[in-house]
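Source file: upload.cif (mmCIF, C-alpha atoms and all ligand atoms)
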data_coords
#
loop_
_atom_site.label_atom_id
_atom_site.label_comp_id
_atom_site.auth_asym_id
_atom_site.auth_seq_id
_atom_site.Cartn_x
_atom_site.Cartn_y
_atom_site.Cartn_z
CA MET A 1 19.06 -76.17 -37.95
CA PRO A 2 17.00 -72.98 -37.43
CA ASP A 3 18.98 -69.95 -36.31
CA ARG A 4 17.27 -69.34 -32.96
CA ALA A 5 18.84 -65.89 -32.47
CA ALA A 6 17.62 -64.77 -35.91
CA ILE A 7 14.10 -66.11 -35.22
CA SER A 8 14.05 -64.34 -31.88
CA ARG A 9 15.20 -61.05 -33.52
CA LEU A 10 12.47 -61.50 -36.15
CA LEU A 11 9.85 -61.99 -33.42
CA GLU A 12 11.08 -58.90 -31.55
CA TRP A 13 10.84 -56.91 -34.77
CA GLN A 14 7.28 -58.12 -35.39
CA VAL A 15 6.24 -57.13 -31.85
CA ALA A 16 7.87 -53.70 -32.30
CA MET A 17 5.91 -53.27 -35.54
CA GLY A 18 2.63 -53.98 -33.78
CA ALA A 19 2.05 -57.73 -34.14
CA ASP A 20 0.74 -58.51 -30.69
CA GLU A 21 -1.13 -61.76 -31.39
CA ALA A 22 0.17 -65.03 -32.81
CA ILE A 23 -2.54 -65.78 -35.38
CA LEU A 24 -2.63 -66.70 -39.05
CA ASP A 25 -4.34 -64.43 -41.54
CA ARG A 26 -6.58 -67.36 -42.67
CA PRO A 27 -8.33 -69.95 -40.49
CA ARG A 28 -6.70 -73.42 -40.36
CA ASP A 29 -8.90 -76.54 -40.20
CA ARG A 30 -7.35 -78.36 -37.24
CA LEU A 31 -10.00 -81.14 -37.44
CA ARG A 32 -8.98 -82.29 -40.95
CA PRO A 33 -7.76 -85.91 -40.49
CA LYS A 34 -4.05 -86.40 -41.10
CA VAL A 35 -3.16 -89.47 -43.22
CA SER A 36 0.42 -90.59 -42.57
CA GLY A 37 2.62 -90.86 -45.65
CA VAL A 38 0.11 -88.99 -47.81
CA ARG A 39 0.83 -85.38 -48.66
CA PRO A 40 -2.15 -83.29 -47.66
CA ALA A 41 -4.07 -81.90 -50.58
CA ALA A 42 -3.65 -78.19 -51.19
CA PRO A 43 -6.37 -76.33 -49.31
CA ALA A 44 -9.34 -75.36 -51.43
CA ALA A 45 -9.71 -71.66 -52.11
CA MET A 46 -11.56 -70.04 -49.24
CA PRO A 47 -15.06 -68.79 -50.09
CA PRO A 48 -15.55 -65.12 -49.27
CA VAL A 49 -16.58 -64.75 -45.67
CA ALA A 50 -19.35 -62.37 -44.70
CA PRO A 51 -18.24 -59.89 -42.04
CA THR A 52 -19.19 -61.05 -38.58
CA VAL A 53 -20.88 -58.66 -36.22
CA MET A 54 -19.22 -59.32 -32.88
CA ALA A 55 -21.55 -59.50 -29.92
CA PRO A 56 -20.35 -57.47 -26.93
CA PRO A 57 -18.71 -59.59 -24.23
CA ALA A 58 -21.26 -61.17 -21.90
CA THR A 59 -19.58 -59.55 -18.92
CA THR A 60 -17.13 -56.73 -18.39
CA ALA A 61 -16.16 -58.08 -14.99
CA PRO A 62 -12.42 -58.61 -15.64
CA ALA A 63 -12.03 -55.11 -17.13
CA SER A 64 -13.98 -53.50 -14.31
CA ALA A 65 -12.02 -55.52 -11.74
CA MET A 66 -8.80 -54.18 -13.27
CA LEU A 67 -10.16 -50.65 -13.23
CA ALA A 68 -11.13 -51.05 -9.57
CA SER A 69 -7.64 -52.31 -8.84
CA ALA A 70 -6.08 -49.35 -10.72
CA ARG A 71 -8.23 -46.94 -8.70
CA GLU A 72 -7.34 -48.63 -5.43
CA MET A 73 -3.61 -48.73 -6.13
CA ALA A 74 -3.55 -45.11 -7.31
CA ALA A 75 -5.52 -43.86 -4.29
CA ALA A 76 -3.21 -45.71 -1.90
CA ALA A 77 -0.15 -43.87 -3.22
CA THR A 78 0.64 -40.90 -0.99
CA THR A 79 3.96 -39.90 -2.58
CA LEU A 80 5.32 -39.76 -6.09
CA ALA A 81 7.69 -42.62 -5.33
CA GLU A 82 4.75 -44.75 -4.16
CA LEU A 83 2.77 -43.86 -7.27
CA ARG A 84 5.68 -44.84 -9.52
CA ALA A 85 6.00 -48.14 -7.65
CA ALA A 86 2.23 -48.72 -7.98
CA VAL A 87 2.32 -48.11 -11.75
CA GLU A 88 5.32 -50.42 -12.09
CA ALA A 89 3.52 -53.12 -10.12
CA PHE A 90 0.18 -52.77 -11.94
CA ASP A 91 -0.42 -55.58 -14.43
CA GLY A 92 -3.95 -54.68 -15.54
CA CYS A 93 -2.93 -52.95 -18.78
CA SER A 94 -2.25 -55.39 -21.62
CA LEU A 95 0.32 -53.01 -23.16
CA ARG A 96 2.74 -54.13 -20.46
CA ARG A 97 3.10 -57.47 -22.23
CA THR A 98 4.74 -55.96 -25.30
CA ALA A 99 6.54 -53.01 -23.71
CA THR A 100 10.19 -53.10 -22.66
CA HIS A 101 9.97 -50.43 -19.95
CA THR A 102 7.34 -48.70 -17.86
CA VAL A 103 7.71 -45.01 -18.77
CA PHE A 104 6.61 -42.97 -15.76
CA ALA A 105 7.85 -39.38 -15.94
CA ASP A 106 10.77 -37.01 -16.31
CA GLY A 107 11.63 -33.53 -15.06
CA ASN A 108 11.31 -31.60 -11.84
CA PRO A 109 8.39 -32.78 -9.63
CA ALA A 110 8.32 -29.33 -7.98
CA ALA A 111 7.86 -27.58 -11.34
CA PRO A 112 4.84 -25.30 -11.84
CA LEU A 113 4.30 -26.81 -15.30
CA MET A 114 3.21 -30.40 -15.98
CA LEU A 115 3.04 -31.61 -19.59
CA ILE A 116 1.02 -34.69 -20.49
CA GLY A 117 1.51 -36.48 -23.81
CA GLU A 118 0.00 -39.61 -25.30
CA ALA A 119 2.19 -42.68 -24.88
CA PRO A 120 5.82 -43.74 -25.08
CA GLY A 121 7.22 -44.41 -28.55
CA ALA A 122 10.06 -46.75 -29.52
CA ASP A 123 12.85 -44.55 -28.07
CA GLU A 124 10.98 -43.93 -24.83
CA ASP A 125 10.22 -47.65 -24.48
CA ARG A 126 13.90 -48.49 -25.00
CA ILE A 127 15.21 -45.85 -22.57
CA GLY A 128 12.36 -45.73 -20.03
CA ARG A 129 11.87 -41.94 -20.07
CA PRO A 130 9.11 -39.91 -21.77
CA PHE A 131 9.73 -37.67 -24.77
CA VAL A 132 13.34 -38.60 -25.53
CA GLY A 133 12.87 -39.28 -29.27
CA ARG A 134 12.47 -36.77 -32.12
CA SER A 135 9.21 -35.32 -30.83
CA GLY A 136 10.72 -34.99 -27.35
CA GLN A 137 13.70 -33.13 -28.75
CA LEU A 138 11.35 -30.75 -30.54
CA LEU A 139 9.37 -30.31 -27.31
CA ASP A 140 12.57 -29.44 -25.43
CA ARG A 141 13.48 -26.83 -28.06
CA MET A 142 9.97 -25.35 -27.93
CA LEU A 143 10.06 -25.11 -24.12
CA ALA A 144 13.55 -23.60 -24.22
CA GLY A 145 12.05 -20.80 -26.34
CA ILE A 146 10.09 -19.64 -23.27
CA GLY A 147 12.89 -20.37 -20.80
CA VAL A 148 11.52 -23.70 -19.58
CA THR A 149 13.62 -26.85 -19.07
CA ARG A 150 12.86 -30.28 -17.61
CA ALA A 151 15.71 -29.93 -15.12
CA GLU A 152 14.31 -26.72 -13.72
CA ASN A 153 10.66 -25.92 -14.31
CA ALA A 154 8.85 -28.66 -16.23
CA TYR A 155 7.61 -32.16 -15.44
CA ILE A 156 6.61 -34.51 -18.27
CA THR A 157 4.50 -37.64 -18.40
CA ASN A 158 1.93 -39.41 -20.62
CA VAL A 159 -1.62 -40.72 -20.32
CA LEU A 160 -0.20 -44.21 -20.96
CA PHE A 161 2.83 -45.67 -19.23
CA TRP A 162 3.54 -48.35 -21.83
CA ARG A 163 4.20 -48.18 -25.56
CA PRO A 164 1.34 -49.36 -27.79
CA PRO A 165 2.84 -51.89 -30.25
CA GLY A 166 3.87 -50.25 -33.51
CA ASN A 167 2.95 -46.83 -32.01
CA ARG A 168 -0.69 -47.46 -32.78
CA LYS A 169 -3.31 -45.16 -31.27
CA PRO A 170 -4.25 -46.25 -27.74
CA THR A 171 -7.67 -47.81 -27.32
CA PRO A 172 -10.26 -46.19 -24.99
CA GLU A 173 -9.87 -49.22 -22.67
CA GLU A 174 -6.12 -48.67 -22.42
CA THR A 175 -6.45 -44.98 -21.59
CA ALA A 176 -9.29 -45.68 -19.12
CA ILE A 177 -7.25 -48.23 -17.18
CA CYS A 178 -4.28 -45.83 -16.81
CA LEU A 179 -6.42 -42.79 -16.00
CA PRO A 180 -6.67 -43.29 -12.20
CA PHE A 181 -2.85 -43.17 -12.05
CA VAL A 182 -2.78 -40.01 -14.18
CA TRP A 183 -5.30 -38.23 -11.94
CA ARG A 184 -3.33 -39.25 -8.86
CA HIS A 185 -0.15 -38.08 -10.58
CA ILE A 186 -1.64 -34.59 -11.01
CA ALA A 187 -3.12 -34.58 -7.50
CA LEU A 188 0.24 -35.46 -5.89
CA LEU A 189 2.20 -32.89 -7.92
CA ARG A 190 -0.34 -30.07 -7.76
CA PRO A 191 1.18 -28.17 -10.70
CA LYS A 192 0.05 -24.61 -11.39
CA ILE A 193 -0.54 -25.44 -15.05
CA VAL A 194 -1.17 -28.65 -16.98
CA VAL A 195 -0.41 -28.67 -20.71
CA LEU A 196 -2.25 -31.35 -22.67
CA CYS A 197 -0.10 -32.27 -25.67
CA GLY A 198 -2.22 -33.63 -28.51
CA GLY A 199 -5.66 -35.06 -29.10
CA THR A 200 -5.40 -38.15 -26.90
CA ALA A 201 -4.31 -36.35 -23.73
CA THR A 202 -6.84 -33.58 -24.38
CA ALA A 203 -9.79 -35.89 -25.06
CA THR A 204 -8.92 -38.18 -22.16
CA LEU A 205 -8.47 -35.58 -19.44
CA LEU A 206 -11.05 -33.04 -20.59
CA ASN A 207 -13.47 -35.83 -21.53
CA ARG A 208 -14.37 -34.03 -24.75
CA THR A 209 -14.96 -35.33 -28.20
CA ASP A 210 -14.18 -32.15 -30.19
CA GLY A 211 -10.86 -32.51 -32.00
CA ILE A 212 -7.59 -30.92 -30.97
CA THR A 213 -7.79 -28.31 -33.76
CA ARG A 214 -10.92 -26.90 -32.11
CA LEU A 215 -9.57 -27.12 -28.56
CA ARG A 216 -5.93 -26.04 -28.94
CA GLY A 217 -4.96 -22.67 -27.57
CA ARG A 218 -7.83 -22.72 -25.07
CA TRP A 219 -7.54 -22.68 -21.30
CA PHE A 220 -9.76 -24.95 -19.21
CA ASP A 221 -10.43 -25.44 -15.53
CA LEU A 222 -9.54 -29.10 -15.06
CA PRO A 223 -11.32 -30.72 -12.13
CA VAL A 224 -8.88 -33.20 -10.57
CA PRO A 225 -10.12 -35.86 -8.11
CA GLY A 226 -8.53 -35.23 -4.72
CA ILE A 227 -7.86 -31.51 -5.29
CA ALA A 228 -10.42 -28.94 -4.19
CA MET A 229 -9.56 -26.29 -6.79
CA PRO A 230 -9.50 -27.09 -10.52
CA VAL A 231 -6.10 -26.94 -12.22
CA LEU A 232 -5.54 -24.59 -15.17
CA ALA A 233 -5.07 -26.65 -18.33
CA LEU A 234 -4.11 -25.66 -21.87
CA ALA A 235 -4.66 -27.92 -24.88
CA THR A 236 -2.00 -27.74 -27.58
CA TYR A 237 -0.72 -29.71 -30.55
CA HIS A 238 1.45 -32.77 -29.97
CA PRO A 239 5.06 -32.19 -31.09
CA SER A 240 4.93 -35.27 -33.33
CA PHE A 241 2.07 -33.61 -35.23
CA LEU A 242 4.29 -30.54 -35.65
CA LEU A 243 7.05 -32.74 -37.08
CA ARG A 244 4.57 -33.94 -39.71
CA ALA A 245 2.88 -30.56 -40.23
CA PRO A 246 5.43 -27.80 -39.46
CA ALA A 247 3.09 -25.13 -40.85
CA HIS A 248 1.19 -25.37 -37.54
CA LYS A 249 4.24 -24.39 -35.48
CA SER A 250 3.13 -20.74 -35.40
CA GLU A 251 -0.05 -21.74 -33.52
CA SER A 252 2.04 -23.73 -31.05
CA TRP A 253 4.31 -20.74 -30.58
CA ARG A 254 1.25 -18.68 -29.64
CA ASP A 255 0.34 -21.41 -27.11
CA LEU A 256 3.85 -21.29 -25.66
CA LEU A 257 3.64 -17.51 -25.24
CA SER A 258 0.28 -17.96 -23.55
CA ILE A 259 1.84 -20.52 -21.14
CA GLN A 260 4.70 -18.13 -20.43
CA SER A 261 2.44 -15.22 -19.61
CA LYS A 262 0.19 -17.44 -17.43
CA LEU A 263 3.26 -18.72 -15.54
CA ASN A 264 4.44 -15.14 -15.00
CA SER A 265 1.02 -14.06 -13.74
CA LEU A 266 0.95 -16.96 -11.24
CA LYS A 267 4.39 -16.21 -9.71
N1 LIG A 301 4.99 -39.16 -27.75
C1 LIG A 301 4.34 -39.06 -26.59
O1 LIG A 301 3.16 -38.73 -26.54
N2 LIG A 301 5.00 -39.34 -25.47
C2 LIG A 301 6.27 -39.69 -25.46
O2 LIG A 301 6.80 -39.92 -24.39
C3 LIG A 301 6.94 -39.77 -26.70
C4 LIG A 301 6.29 -39.50 -27.83
#
In structure tokens, how does this file's structure come out?
Amino acid sequence: MPDRAAISRLLEWQVAMGADEAILDRPRDRLRPKVSGVRPAAPAAMPPVAPTVMAPPATTAPASAMLASAREMAAAATTLAELRAAVEAFDGCSLRRTATHTVFADGNPAAPLMLIGEAPGADEDRIGRPFVGRSGQLLDRMLAGIGVTRAENAYITNVLFWRPPGNRKPTPEETAICLPFVWRHIALLRPKIVVLCGGTATATLLNRTDGITRLRGRWFDLPVPGIAMPVLALATYHPSFLLRAPAHKSESWRDLLSIQSKLNSLK
């Protein structure tokens, strides 16, 4: 008798590790006739298969319909509570299927500082709040160094509201579908400063292809749909990069001091 609980735990583990499709690693010939009572012969060794060049889909209608729906739902939200409800109700991002929680935001919505990261990880997905794992703890310590806390003067979110399976890098389609909600998020909060944490947030919101090492430490005027004046934005390293490469912490410290002095000048 199979142990159903164990099988279910195994499946959950596979999903958490990034297996988001139930497929075999080799094709199975489902047309091979089955002869009852006769053991099927062992399958012949597979000949090497030439790589297939995939044709683009004939139509992008479903994706564009989802994008239109994301734009419509985001634009209809006139308060933060409505925006959160819209994100929670939106089913156009496939990451929802494997995520446990929608991770919307944390911190003080009236804060002058809004930080935007990449996507929830395993801890965030389990708890439903952004930046609660190791990189979030580092971020909190970094912010504390310039007298900033989530409870008082920072608001934190991500460009994606659902965890990519196995913490893989989000696809451009996934970031594009969440982007209308992110723009609306900024427009409703109207922070004085936006800090883009890491390459994904920076590339997505600034729409630039140069890497984070070239862009970090620089201030940009971020045009936000629905706000007349651009918002000041600083690109900086993601705290999870700093956990892997602590030698870069001194550059991040310079960025933090730059944020502090900008906040002081805007008081
Ligand atoms: N990394 C992110 O970019 N966001 C989180 O919320 C957690 C880790």
- Item | Shortest interatomic distance to ligand LIG 301 (chain A) - which of A:Asn153, A:Ser240, A:Asn108, A:Thr100, counting all atoms listed in the file | A:Ser240
- Message: What does the list of residues within 7 Å of ligand LIG 301 (chain A) look like if you count only C-alpha atoms and all ligand atoms, written as JSON, numbers by chain?
- Response: {"A": [117, 118, 119, 120, 121, 124, 129, 130, 131, 132, 133, 135, 136, 157, 158, 240]}
- Residue nearest A:Leu189 - candidates A:Gly211, A:Pro112, A:Pro239, A:Pro225, atoms counted: only C-alpha atoms: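 Looking only at the distances to A:Leu189, the closest residue turns out to be A:Pro112.
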- Task: Go ahead and compute the interatomic distance for atom CA of A:Ala187 and atom CA of A:Pro223, in Å to one decimal.
- Result: 10.2 Å
- Task: Can you work out which one of A:Glu82, A:Asp140, A:Glu174, A:Asp221 has the shortest atom-to-atom distance to A:Arg96, counting all atoms listed in the file?
- Result: A:Glu174
- Please provide as a PyMOL selection string all residues within 10 Å of A:Ala70, with the sequence filter that same-chain residues fewer than 3 positions apart are discarded (counting only C-alpha atoms). chain A and resi 64-67+73-76+86-87+90-93+176-181
- Item | Of the listed residues A:Gly128, A:Asp123, A:Gln260, A:Leu83, that which approaches A:His101 most closely, counting only C-alpha atoms |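 Comparing A:Gly128, A:Asp123, A:Gln260, A:Leu83 against A:His101, the winner is A:Gly128.
Reported to one decimal place, the separation of atom CA of A:Arg184 from atom CA of A:Glu72 is 10.8 Å.
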- Just give me the gap between atom CA of A:Arg97 and atom CA of A:Lys169 in Å, one decimal is fine.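 These atoms are spaced 16.6 Å apart.
Distances from A:Gly226, A:Thr79, A:Arg208, A:Val231 to A:Val195 were compared using all atoms listed in the file, and the smallest one belongs to A:Val231.
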- Query: Leaving out A:Tyr155 and any residue of its chain fewer than 4 positions from it, which residues lie within 12 Å of it when counting only C-alpha atoms, given as an MDAnalysis selection string?
  - Reply: chainID A and resid 104:117 129:131 140 143 148:151 185:186 189:195
- Task: Name the closest residue to A:Tyr237 among the candidates A:Val103, A:Val159, A:Leu205, A:Leu196; distances are taken between atoms, counting only C-alpha atoms.
- Result: A:Leu196
So for stretch 102-115 of chain A, what box centre and size do we get, axis-aligned, 8 Å extra on each of the six sides, every listed atom, Å to one decimal, as AutoDock Vina command-line options?
--center_x 7.3 --center_y -37.0 --center_z -13.8 --size_x 24.6 --size_y 39.4 --size_z 27.6
- Task: Would you list the contacts of A:Leu95 as a list in words, taking every protein, DNA or RNA residue within 10 Å and counting only C-alpha atoms, but skipping same-chain residues closer than 3 positions in sequence?
- Result: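 Returned residues: Asp20, Asp91, Gly92, Thr98, Ala99, Thr100, Thr102, Leu160, Phe161, Trp162, Arg163, Pro164, Pro165, Pro170 and Glu174 of chain A.
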